[in-house]
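Asker: The following block contains the structure, expressed as structure tokens.
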2 protein chains.
Amino acid sequence: MTDLFESPDSTREEILAAAYRALCRHGYAPLTIEKIGAELDKSTSLVYHHYEGKDDLLLACLEFMLDQYETEFVEAEITDPRGTLEAAFDDFLDPEMPAERHDFIRALVELRGQAPHDERYREQFGRSDRLFEQRFADIIEAGIESGQFRAVDADSVAGMLHTLFSGALINHATAEDERLTALREEIDAYLEARLYA
Amino acid sequence: MTDLFESPDSTREEILAAAYRALCRHGYAPLTIEKIGAELDKSTSLVYHHYEGKDDLLLACLEFMLDQYETEFVEAEITDPRGTLEAAFDDFLDPEMPAERHDFIRALVELRGQAPHDERYREQFGRSDRLFEQRFADIIEAGIESGQFRAVDADSVAGMLHTLFSGALINHATAEDERLTALREEIDAYLEARLYA
């Protein structure tokens with residue numbers, strides 16, 4: 001995830017990168033603009049100048065990340081559908097994932113918890129759900145075209161994979177390592193049974 | 001869910017039932033002890049007498065629900081494993097579900113969002129994850145024994161089903177009806193391919 005913020009090319013992007021780092025470090029609940037300012041190489045007052053409050057800034061941060069993913073997904077040609085699909089699960093179902101990713105997943109669960117009572121979060125997560133589900137569908141379509149995958153209904157299988165992905169994220173904090181490994185094996189068995197040609 | 005609170009047999013259970021109703025009506029964020037008191041046929045001061053704050057009361061409410069489910073699961077003989085499994089998905093993947101269940105799912109997403117920063121919520125959701133995953137495993141074992149299911153690794157398939165269940169709940173607020181129906185069909189296809197004999 002960090003690479004999205006690797007070379008901020010404006011003050012706005014520097015602030016968004018600081019918000020991302022502070023969110024991973026502290027989580028959502030205790031996060032303040034002051035804590036975000038502490039991650040920034042500039043004065044905290046600059047943050048107040050650009051954003052009204054922490055939700056305003058975090059929503060801009062989510063939007064920026066989704067914009068980046070969208071561009072990346074549209075531009076990336078899918079040359080190895082099976083490898084691309086498996087890499088997505090490798091990234092998020094790996095008990096050995098980097099600490100920063102653990103932190104980000106935990107923060108995402110908190111942010112998702114804002115969606116039921118805050119329309120702006122609901123909108124961002126709705127966009128995120130559609131984006132990642134469409135990404136799965138594109139990978140599946142590419143695999144059907146190349147002959148690696150069977151002629152399944154791409155949207156249905158994409159919905160299943162996105163639901164598994166969301167479930168794994170939400171259960172992340174309470175899941176034990178060996179359960180993650182067993183889950184990954186069963187997802188592979190599902191893909192073998194339903195998708196791989 | 002309401003039937004868990006149908007015949008409260010003590011003041012404590014009446015308060016928990018009021019907390020459940022208030023949670024469904026208002027959601028977590030704007031919930032107050034006053035709003036919970038308004039659902040109670042007694043004085044709000046009684047709530048303050050028993051519980052220190054809204055989290056204290058909501059955690060007791062979650063614990064009570066899990067206790068009830070646990071008793072129910074232990075006592076219920078599984079005579080129709082396939083029907084029992086499908087009923088679980090019918091209840092939570094039905095676009096026509098009762099409004100109260102919609103409200104409760106929304107509230108659960110908010111409560112789950114407390115887990116990353118509040119150990120007490122993490123504990124309850126950890127217990128809930130283990131309880132429902134074990135329930136799926138018991139149903140699968142029963143099906144293997146009766147010959148309705150293949151001799152799969154019950155824990156792995158249970159982990160998969162629980163993950164799907166969690167993902168469907170978390171995506172609930174942003175999911176469109178036709179996607180829920182497509183997801184349900186793909187889950188059935190998975191069960192046909194992997195589980196049903």
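Chain labels A, B, ... are given in the sequence in which chains occur in the structure tokens; within each chain residues are numbered consecutively from 1, and ligands are likewise numbered from 1 in the order shown.
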Leaving out segment 36-49 of chain B and any residue of its chain fewer than 2 positions from it, which residues lie within 12 Å of it when counting only C-alpha atoms, given as an NGL selection string?
Answerer: :B and (8 or 11-28 or 30-34 or 51-58 or 61)
Asker: Pull C-alpha atoms from the residues just selected and write them as a PDB file, in the first residue's frame.
Answerer:
```
ATOM      1  CA  PRO B   8     -36.952 -11.725  29.335  1.00  0.00           C
ATOM      2  CA  THR B  11     -34.681  -6.999  34.911  1.00  0.00           C
ATOM      3  CA  ARG B  12     -31.224  -7.664  33.503  1.00  0.00           C
ATOM      4  CA  GLU B  13     -32.688  -9.411  30.459  1.00  0.00           C
ATOM      5  CA  GLU B  14     -35.247  -6.635  30.002  1.00  0.00           C
ATOM      6  CA  ILE B  15     -32.418  -4.112  29.891  1.00  0.00           C
ATOM      7  CA  LEU B  16     -30.462  -6.250  27.394  1.00  0.00           C
ATOM      8  CA  ALA B  17     -33.568  -6.560  25.210  1.00  0.00           C
ATOM      9  CA  ALA B  18     -34.022  -2.782  25.332  1.00  0.00           C
ATOM     10  CA  ALA B  19     -30.356  -2.326  24.366  1.00  0.00           C
ATOM     11  CA  TYR B  20     -30.833  -4.662  21.395  1.00  0.00           C
ATOM     12  CA  ARG B  21     -33.935  -2.789  20.203  1.00  0.00           C
ATOM     13  CA  ALA B  22     -32.274   0.607  20.637  1.00  0.00           C
ATOM     14  CA  LEU B  23     -29.146  -0.598  18.799  1.00  0.00           C
ATOM     15  CA  CYS B  24     -31.243  -1.761  15.824  1.00  0.00           C
ATOM     16  CA  ARG B  25     -33.262   1.458  15.814  1.00  0.00           C
ATOM     17  CA  HIS B  26     -30.455   4.007  16.135  1.00  0.00           C
ATOM     18  CA  GLY B  27     -27.223   2.208  15.229  1.00  0.00           C
ATOM     19  CA  TYR B  28     -24.121   2.311  17.411  1.00  0.00           C
ATOM     20  CA  PRO B  30     -25.633   7.925  18.098  1.00  0.00           C
ATOM     21  CA  LEU B  31     -26.734   5.406  20.751  1.00  0.00           C
ATOM     22  CA  THR B  32     -26.975   6.668  24.333  1.00  0.00           C
ATOM     23  CA  ILE B  33     -28.112   5.155  27.627  1.00  0.00           C
ATOM     24  CA  GLU B  34     -31.076   7.565  27.420  1.00  0.00           C
ATOM     25  CA  TYR B  51     -24.166  -0.653  33.595  1.00  0.00           C
ATOM     26  CA  GLU B  52     -21.396   1.931  33.527  1.00  0.00           C
ATOM     27  CA  GLY B  53     -21.925   3.080  29.973  1.00  0.00           C
ATOM     28  CA  LYS B  54     -23.215   2.114  26.551  1.00  0.00           C
ATOM     29  CA  ASP B  55     -20.217  -0.087  25.656  1.00  0.00           C
ATOM     30  CA  ASP B  56     -20.498  -1.940  28.937  1.00  0.00           C
ATOM     31  CA  LEU B  57     -24.165  -2.640  28.196  1.00  0.00           C
ATOM     32  CA  LEU B  58     -23.688  -3.513  24.515  1.00  0.00           C
ATOM     33  CA  CYS B  61     -25.852  -7.768  25.189  1.00  0.00           C
TER      34      CYS B  61
END
```
Asker: Set the distance at 8 Å and use only C-alpha atoms: which residues neighbour Arg106 of chain A once local chain neighbours fewer than 4 positions away are removed? I'd like the list as a PyMOL selection string.
Answerer: (chain A and resi 27+102+110+172-173) or (chain B and resi 116)
Asker: List every residue of chain A that has an atom at most 6 Å from any atom of chain B, giving for each one its closest atom pair and the distance in Å to one decimal, counting only C-alpha atoms, sorted by chain and then by ascending residue number, as JSON lines.
Answerer:
```
{"residue": "A:Arg106", "atom": "CA", "partner": "B:Pro116", "partner_atom": "CA", "distance": 5.7}
{"residue": "A:Val109", "atom": "CA", "partner": "B:Gly113", "partner_atom": "CA", "distance": 5.3}
{"residue": "A:Glu110", "atom": "CA", "partner": "B:Gly113", "partner_atom": "CA", "distance": 4.0}
{"residue": "A:Gly113", "atom": "CA", "partner": "B:Glu110", "partner_atom": "CA", "distance": 4.0}
{"residue": "A:Pro116", "atom": "CA", "partner": "B:Arg106", "partner_atom": "CA", "distance": 5.7}
{"residue": "A:Gly126", "atom": "CA", "partner": "B:Thr174", "partner_atom": "CA", "distance": 5.1}
{"residue": "A:Ser156", "atom": "CA", "partner": "B:Ala182", "partner_atom": "CA", "distance": 5.4}
{"residue": "A:Gly159", "atom": "CA", "partner": "B:Leu183", "partner_atom": "CA", "distance": 5.8}
{"residue": "A:Met160", "atom": "CA", "partner": "B:Leu183", "partner_atom": "CA", "distance": 5.8}
{"residue": "A:Thr163", "atom": "CA", "partner": "B:Gly167", "partner_atom": "CA", "distance": 4.6}
{"residue": "A:Leu164", "atom": "CA", "partner": "B:Leu164", "partner_atom": "CA", "distance": 5.1}
{"residue": "A:Ser166", "atom": "CA", "partner": "B:Gly167", "partner_atom": "CA", "distance": 4.6}
{"residue": "A:Gly167", "atom": "CA", "partner": "B:Gly167", "partner_atom": "CA", "distance": 3.5}
{"residue": "A:Ala168", "atom": "CA", "partner": "B:Thr163", "partner_atom": "CA", "distance": 5.9}
{"residue": "A:Thr174", "atom": "CA", "partner": "B:Gly126", "partner_atom": "CA", "distance": 5.1}
{"residue": "A:Ala182", "atom": "CA", "partner": "B:Ser156", "partner_atom": "CA", "distance": 5.4}
{"residue": "A:Leu183", "atom": "CA", "partner": "B:Met160", "partner_atom": "CA", "distance": 5.8}
```
Asker: How many Å separate atom CA of Leu131 of chain B from atom CA of Leu85 of chain B?
Answerer: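 About the pair atom CA of Leu131 of chain B and atom CA of Leu85 of chain B: they are 14.9 Å apart.
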Asker: Measure the distance from atom CA of Glu63 of chain B to atom CA of Tyr121 of chain B in Å and round it to one decimal.
Answerer: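 For atom CA of Glu63 of chain B relative to atom CA of Tyr121 of chain B, the distance reads 10.0 Å.
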Asker: Give me every alpha helix (DSSP H) residue in segment 18-75 of chain A, going by DSSP on the backbone, as an MDAnalysis selection string.
Answerer: chainID A and resid 18:26 33:38 44:50 54:75
Asker: Nearest residue to Glu176 of chain B out of B:Asp188, B:Glu119, B:Glu96, B:Glu141, using only C-alpha atoms?
Answerer: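 Distance minimum relative to Glu176 of chain B lands on B:Glu96.
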Asker: How many Å lie between atom CA of Ile144 of chain A and atom CA of Arg150 of chain B, rounded to one decimal?
Answerer: 28.9 Å
